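The structure under discussion appears below in the form of structure tokens.
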Amino acid sequence: MPNQLDALKQFTTVVADTGDFRQLGAFQPQDATTNPSLILKAVQKADYAPLLAETVQRHRGQPLDAIVDRLLVRFGREILSIIPGRVSTEVDARLSFDTDATVARAERIIGWYQAEGIARERVLIKIAATWEGIRAAGRLERAGIRTNLTLLFSFAQAVACGAAGVQLISPFVGRIYDWYKKTAGATWDEAANAGANDPGVRSVRQIYAYYKHFGIATEVMGASFRNAGQILALAGCDLLTISPDLLAQLAAADAPVQRALDPAAARALDLKPVQYDEPAFRYALNEDAMATEKLAEGIRAFAADAARLDQLILAA
């Protein structure tokens with residue numbers, strides 16, 4: 001009997017969510033995702049300190065933001081030497097409300113990957129799913145640069161991303177779960193909110209059903225998992241990006257895995273199309289307290305880790 005990780009791969013493209021590329025070989029993921037927090041965590045390990053020092057030395061004298069992006073590309077290049085698919089590299093979260101600056105940083109990152117001999121098709125530029133970020137992603141997609149819209153917590157964000165033609169979205173399952181659990185406090189019933197009833201799982205299922213029903217080509221990649229149950233409840237999702245700890249748990253378990261999401265079932269649903277212009281998008285996001293709070297919190301956290309990475313580079 002295959003382990004749960006191998007069984008999951010029959011239904012879903014498995015993606016590793018890590019900057020620690022030396023862990024990748026054990027799990028054989030198709031793709032990999034990184035973010036500022038994961039890169040910050042990696043460069044503070046002894047194994048990766050030489051990579052940081054080498055990158056800083058090689059590009060010393062360049063603007064700080066350029067050295068940061070050089071480091072991100074270096075990590076991405078190492079990851080792509082191990083995996084067969086794509087790597088996601090994130091634009092500085094401090095640009096989340098600046099469309100033009102996001103486009104410029106994305107173009108620079110892709111240019112540096114291509115200078116290293118890496119085809120742009122193997123790189124997804126991660127951008128926060130703000131209105132400005134989604135507009136930037138649409139421009140990049142039209143220019144042939146593929147994007148991964150991250151910090152996605154609401155149906156409105158997903159609809160806008162699909163309309164913009166982005167390559168992939170990353171709904172954050174675990175952070176949605178965190179918000180509802182914290183809000184419920186002592187009334188939270190873990191068993192009643194597990195599996196298909198998990199609020200983060202429900203969010204991804206709604207988005208997946210909408211995309212498949214209306215033939216939206218944007219890929220859905222569940223992200224930010226807190227436990228293996230959330231992952232298994234989304235078996236059949238286009239992709240799932242999973243931390244090394246949870247990949248190891250799945251590899252060590254052998255209970256059966258059943259497909260939970262199916263495109264044919266989604267196409268049979270009775271759904272109505274939804275459209276958002278900018279005012280409607282902002283209002284819908286504002287009406288979703290969870291999504292509003294988690295999006296702002298996520299941008300702040302990624303920006304804080306980007307600032308810490310800046311300081312490590314300045315001290316190197």
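FYI, nothing fancy with the structure tokens labels: chains A, B, ... in order, residues from 1 per chain, ligands from 1 as they appear.
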Checklist entry - Which residues come within 9 Å of region 120-130 of chain A, counting only C-alpha atoms, excluding same-chain residues fewer than 3 positions away, as a ChimeraX atom specification? => result /A:33-35,76,80,84-93,95-97,102,106,109-111,113-114,133-137,144-153,157-158,160-161,167-169,295,298-299
Item to check | Picked from region 63-256 of chain A by DSSP as helix (DSSP H, G or I), as a ChimeraX atom specification | outcome: /A:64-80,93-95,99-115,120-122,131-142,155-164,173-187,195-197,199-213,228-232,244-252
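If you count only C-alpha atoms and ignore residues fewer than 4 places along the chain from region 173-180 of chain A, what sits within 9 Å of it is Phe153, Ala184, Gly185, Trp188, Asn193, Asp198, Pro199, Gly200, Val201, Arg202, Ser203, Val204, Gly222, Ala223, Ser224, Phe225, Arg226, Asn227, Gln230, Met290, Ala291, Glu293 and Lys294 of chain A.
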Item to check | Filtered DSSP result for region 86-311 of chain A, state strand (DSSP E or B), as an NGL selection string | outcome: :A and (87-90 or 123-128 or 147-152 or 168-172 or 219-223 or 239-242)
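By chain and then residue number, the residues within 10 Å of Phe21 (chain A) are Ala16, Asp17, Thr18, Gly19, Gln23, Leu24, Gly25, Ala32, Thr34, Ala42, Tyr48, Phe75, Gly76, Glu78, Ile79, Leu80, Ser81, Ile82 and Ile83 of chain A, counting only C-alpha atoms and disregarding those fewer than 2 positions away in sequence.
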Residues just named, written with N, CA and C atoms as a CSV table (one decimal), in the first residue's frame:
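This is the output file part-v1.csv:
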```csv
chain,number,residue,atom,x,y,z
A,16,ALA,N,6.5,21.6,-2.4
A,16,ALA,CA,7.2,21.8,-1.1
A,16,ALA,C,7.2,23.3,-0.8
A,17,ASP,N,6.8,23.6,0.4
A,17,ASP,CA,6.8,25.0,0.9
A,17,ASP,C,8.0,25.2,1.8
A,18,THR,N,9.1,25.6,1.3
A,18,THR,CA,10.4,25.7,2.1
A,18,THR,C,11.4,26.5,1.3
A,19,GLY,N,12.3,27.1,2.1
A,19,GLY,CA,13.5,27.7,1.5
A,19,GLY,C,14.7,26.8,1.8
A,23,GLN,N,16.2,19.8,1.9
A,23,GLN,CA,15.2,18.8,2.3
A,23,GLN,C,14.3,18.3,1.1
A,24,LEU,N,14.5,18.9,0.0
A,24,LEU,CA,13.6,18.6,-1.1
A,24,LEU,C,13.7,17.1,-1.7
A,25,GLY,N,14.9,16.6,-1.7
A,25,GLY,CA,15.1,15.3,-2.4
A,25,GLY,C,14.3,14.2,-1.7
A,32,ALA,N,8.1,24.0,-6.0
A,32,ALA,CA,8.4,24.5,-4.6
A,32,ALA,C,8.0,26.0,-4.5
A,34,THR,N,8.5,29.6,-2.0
A,34,THR,CA,9.3,30.3,-1.0
A,34,THR,C,8.5,31.5,-0.6
A,42,ALA,N,15.9,30.2,6.5
A,42,ALA,CA,16.9,29.4,5.9
A,42,ALA,C,18.3,30.0,6.0
A,48,TYR,N,23.3,27.4,5.2
A,48,TYR,CA,23.0,28.4,4.2
A,48,TYR,C,23.7,29.8,4.4
A,75,PHE,N,18.5,31.3,-4.3
A,75,PHE,CA,17.7,30.2,-3.7
A,75,PHE,C,16.9,29.5,-4.7
A,76,GLY,N,16.2,30.3,-5.5
A,76,GLY,CA,15.3,29.7,-6.5
A,76,GLY,C,16.1,28.9,-7.5
A,78,GLU,N,18.9,27.2,-6.9
A,78,GLU,CA,19.3,26.0,-6.3
A,78,GLU,C,18.1,25.0,-6.2
A,79,ILE,N,16.9,25.6,-5.9
A,79,ILE,CA,15.7,24.7,-5.8
A,79,ILE,C,15.4,24.1,-7.2
A,80,LEU,N,15.5,24.9,-8.2
A,80,LEU,CA,15.2,24.4,-9.6
A,80,LEU,C,16.2,23.4,-10.1
A,81,SER,N,17.4,23.3,-9.4
A,81,SER,CA,18.3,22.3,-9.8
A,81,SER,C,17.9,20.9,-9.2
A,82,ILE,N,17.0,20.9,-8.3
A,82,ILE,CA,16.5,19.7,-7.6
A,82,ILE,C,15.2,19.2,-8.1
A,83,ILE,N,14.2,20.2,-8.3
A,83,ILE,CA,12.9,19.8,-8.7
A,83,ILE,C,12.7,19.9,-10.2
```
Checklist entry - Pick from A:Gln249, A:Ser243, A:Asn286, A:Gln57: nearest to Val14 (chain A), with only C-alpha atoms counted? => result A:Ser243
Skipping near chain neighbours, those fewer than 2 positions away, what residues fall within 12 Å of Leu64 (chain A) using only C-alpha atoms, listed as a short mmCIF file (atom, residue, chain, number, x, y, z; two decimals) with all heavy atoms, in the first residue's frame?
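This is the output file result16.cif:
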```cif
data_model
loop_
_atom_site.label_atom_id
_atom_site.label_comp_id
_atom_site.auth_asym_id
_atom_site.auth_seq_id
_atom_site.Cartn_x
_atom_site.Cartn_y
_atom_site.Cartn_z
N THR A 55 26.56 35.69 -1.87
CA THR A 55 25.70 36.56 -2.68
C THR A 55 25.95 38.02 -2.36
O THR A 55 26.04 38.87 -3.26
CB THR A 55 24.22 36.21 -2.42
OG1 THR A 55 23.99 34.84 -2.73
CG2 THR A 55 23.31 37.07 -3.28
N VAL A 56 26.08 38.34 -1.08
CA VAL A 56 26.34 39.72 -0.68
C VAL A 56 27.69 40.18 -1.21
O VAL A 56 27.82 41.30 -1.75
CB VAL A 56 26.29 39.87 0.85
CG1 VAL A 56 26.74 41.26 1.27
CG2 VAL A 56 24.88 39.59 1.37
N HIS A 59 27.67 40.92 -4.97
CA HIS A 59 26.88 42.06 -5.45
C HIS A 59 27.02 43.28 -4.54
O HIS A 59 26.19 44.20 -4.62
CB HIS A 59 25.41 41.65 -5.57
CG HIS A 59 25.20 40.49 -6.50
ND1 HIS A 59 25.35 40.59 -7.87
CD2 HIS A 59 24.90 39.18 -6.25
CE1 HIS A 59 25.11 39.43 -8.43
NE2 HIS A 59 24.85 38.55 -7.48
N ARG A 60 28.05 43.29 -3.72
CA ARG A 60 28.26 44.42 -2.82
C ARG A 60 28.36 45.73 -3.62
O ARG A 60 28.96 45.78 -4.68
CB ARG A 60 29.53 44.21 -2.01
CG ARG A 60 29.62 45.14 -0.79
CD ARG A 60 30.85 44.84 0.03
NE ARG A 60 30.88 43.51 0.59
CZ ARG A 60 30.21 43.14 1.68
NH1 ARG A 60 29.43 44.01 2.31
NH2 ARG A 60 30.30 41.89 2.13
N GLY A 61 27.75 46.77 -3.07
CA GLY A 61 27.74 48.06 -3.76
C GLY A 61 26.46 48.31 -4.52
O GLY A 61 26.16 49.46 -4.88
N GLN A 62 25.68 47.25 -4.79
CA GLN A 62 24.39 47.42 -5.44
C GLN A 62 23.36 47.86 -4.40
O GLN A 62 23.56 47.71 -3.20
CB GLN A 62 23.96 46.11 -6.10
CG GLN A 62 24.82 45.67 -7.26
CD GLN A 62 24.26 44.45 -7.98
OE1 GLN A 62 23.11 44.07 -7.78
NE2 GLN A 62 25.08 43.84 -8.82
N ALA A 66 18.22 45.25 -4.55
CA ALA A 66 18.77 44.42 -5.62
C ALA A 66 19.50 43.21 -5.04
O ALA A 66 19.38 42.09 -5.56
CB ALA A 66 19.73 45.24 -6.49
N ILE A 67 20.23 43.40 -3.96
CA ILE A 67 20.94 42.27 -3.33
C ILE A 67 19.93 41.27 -2.78
O ILE A 67 20.12 40.05 -2.88
CB ILE A 67 21.89 42.77 -2.23
CG1 ILE A 67 22.95 43.71 -2.82
CG2 ILE A 67 22.57 41.59 -1.53
CD1 ILE A 67 23.86 44.34 -1.79
N VAL A 68 18.85 41.77 -2.19
CA VAL A 68 17.79 40.88 -1.68
C VAL A 68 17.25 40.02 -2.81
O VAL A 68 17.14 38.78 -2.69
CB VAL A 68 16.66 41.69 -1.03
CG1 VAL A 68 15.47 40.78 -0.72
CG2 VAL A 68 17.13 42.37 0.25
N ASP A 69 16.91 40.65 -3.92
CA ASP A 69 16.35 39.89 -5.03
C ASP A 69 17.38 38.92 -5.63
O ASP A 69 17.03 37.82 -6.08
CB ASP A 69 15.82 40.83 -6.11
CG ASP A 69 14.51 41.51 -5.70
OD1 ASP A 69 13.93 41.10 -4.68
OD2 ASP A 69 14.08 42.44 -6.41
N ARG A 70 18.65 39.32 -5.63
CA ARG A 70 19.70 38.40 -6.08
C ARG A 70 19.73 37.15 -5.19
O ARG A 70 19.91 36.02 -5.67
CB ARG A 70 21.06 39.09 -6.04
CG ARG A 70 21.26 40.20 -7.04
CD ARG A 70 21.52 39.67 -8.42
NE ARG A 70 21.94 40.74 -9.32
CZ ARG A 70 22.20 40.56 -10.62
NH1 ARG A 70 22.05 39.37 -11.16
NH2 ARG A 70 22.58 41.58 -11.37
N LEU A 71 19.56 37.36 -3.88
CA LEU A 71 19.55 36.23 -2.95
C LEU A 71 18.34 35.33 -3.21
O LEU A 71 18.47 34.10 -3.21
CB LEU A 71 19.53 36.75 -1.51
CG LEU A 71 19.55 35.69 -0.41
CD1 LEU A 71 20.86 34.90 -0.45
CD2 LEU A 71 19.35 36.33 0.95
N ASP A 92 8.77 41.81 -2.85
CA ASP A 92 8.76 42.44 -1.53
C ASP A 92 7.34 42.85 -1.13
O ASP A 92 6.68 43.60 -1.85
CB ASP A 92 9.68 43.66 -1.56
CG ASP A 92 10.00 44.22 -0.18
OD1 ASP A 92 9.12 44.20 0.69
OD2 ASP A 92 11.15 44.69 0.01
N ALA A 306 11.00 40.72 5.69
CA ALA A 306 11.82 41.31 4.64
C ALA A 306 12.79 42.34 5.24
O ALA A 306 13.96 42.42 4.84
CB ALA A 306 10.93 41.96 3.58
N ALA A 307 12.32 43.10 6.22
CA ALA A 307 13.18 44.08 6.88
C ALA A 307 14.28 43.38 7.67
O ALA A 307 15.44 43.85 7.71
CB ALA A 307 12.35 44.96 7.81
N LEU A 309 15.57 40.49 6.89
CA LEU A 309 16.51 40.00 5.88
C LEU A 309 17.41 41.13 5.39
O LEU A 309 18.62 40.94 5.19
CB LEU A 309 15.73 39.39 4.70
CG LEU A 309 16.53 38.68 3.61
CD1 LEU A 309 17.38 37.55 4.19
CD2 LEU A 309 15.60 38.14 2.52
N ASP A 310 16.84 42.32 5.24
CA ASP A 310 17.65 43.50 4.89
C ASP A 310 18.79 43.68 5.90
O ASP A 310 19.95 43.93 5.52
CB ASP A 310 16.80 44.77 4.91
CG ASP A 310 15.83 44.87 3.74
OD1 ASP A 310 15.96 44.07 2.79
OD2 ASP A 310 14.95 45.75 3.78
N GLN A 311 18.48 43.56 7.17
CA GLN A 311 19.48 43.78 8.21
C GLN A 311 20.57 42.72 8.18
O GLN A 311 21.75 43.02 8.40
CB GLN A 311 18.81 43.82 9.60
CG GLN A 311 17.89 45.02 9.79
CD GLN A 311 18.59 46.35 9.53
OE1 GLN A 311 19.67 46.59 10.07
NE2 GLN A 311 18.01 47.19 8.69
N LEU A 312 20.20 41.48 7.91
CA LEU A 312 21.19 40.42 7.80
C LEU A 312 22.15 40.69 6.64
O LEU A 312 23.37 40.47 6.74
CB LEU A 312 20.52 39.06 7.59
CG LEU A 312 19.86 38.42 8.81
CD1 LEU A 312 19.20 37.10 8.41
CD2 LEU A 312 20.88 38.17 9.92
N ILE A 313 21.61 41.18 5.55
CA ILE A 313 22.44 41.49 4.38
C ILE A 313 23.37 42.66 4.69
O ILE A 313 24.57 42.64 4.35
CB ILE A 313 21.54 41.77 3.17
CG1 ILE A 313 20.91 40.46 2.68
CG2 ILE A 313 22.34 42.43 2.03
CD1 ILE A 313 19.86 40.63 1.61
N LEU A 314 22.85 43.68 5.34
CA LEU A 314 23.68 44.83 5.69
C LEU A 314 24.80 44.46 6.64
O LEU A 314 25.90 45.05 6.62
CB LEU A 314 22.81 45.93 6.30
CG LEU A 314 21.86 46.64 5.35
CD1 LEU A 314 20.91 47.55 6.13
CD2 LEU A 314 22.63 47.46 4.31
N ALA A 315 24.54 43.45 7.48
CA ALA A 315 25.56 43.04 8.45
C ALA A 315 26.55 42.03 7.89
O ALA A 315 27.58 41.76 8.53
CB ALA A 315 24.86 42.42 9.67
N ALA A 316 26.26 41.48 6.72
CA ALA A 316 27.11 40.42 6.16
C ALA A 316 28.42 40.98 5.61
O ALA A 316 28.50 42.13 5.18
CB ALA A 316 26.35 39.69 5.06
#
```
Next on the checklist: I want to know what sits within 10 Å of Arg205 (chain A), based on only C-alpha atoms, with residues of the same chain fewer than 6 positions away left out; could you give that as a PyMOL selection string?
Outcome noted: chain A and resi 196+199+211+220+222+233-234+237+260-262+266
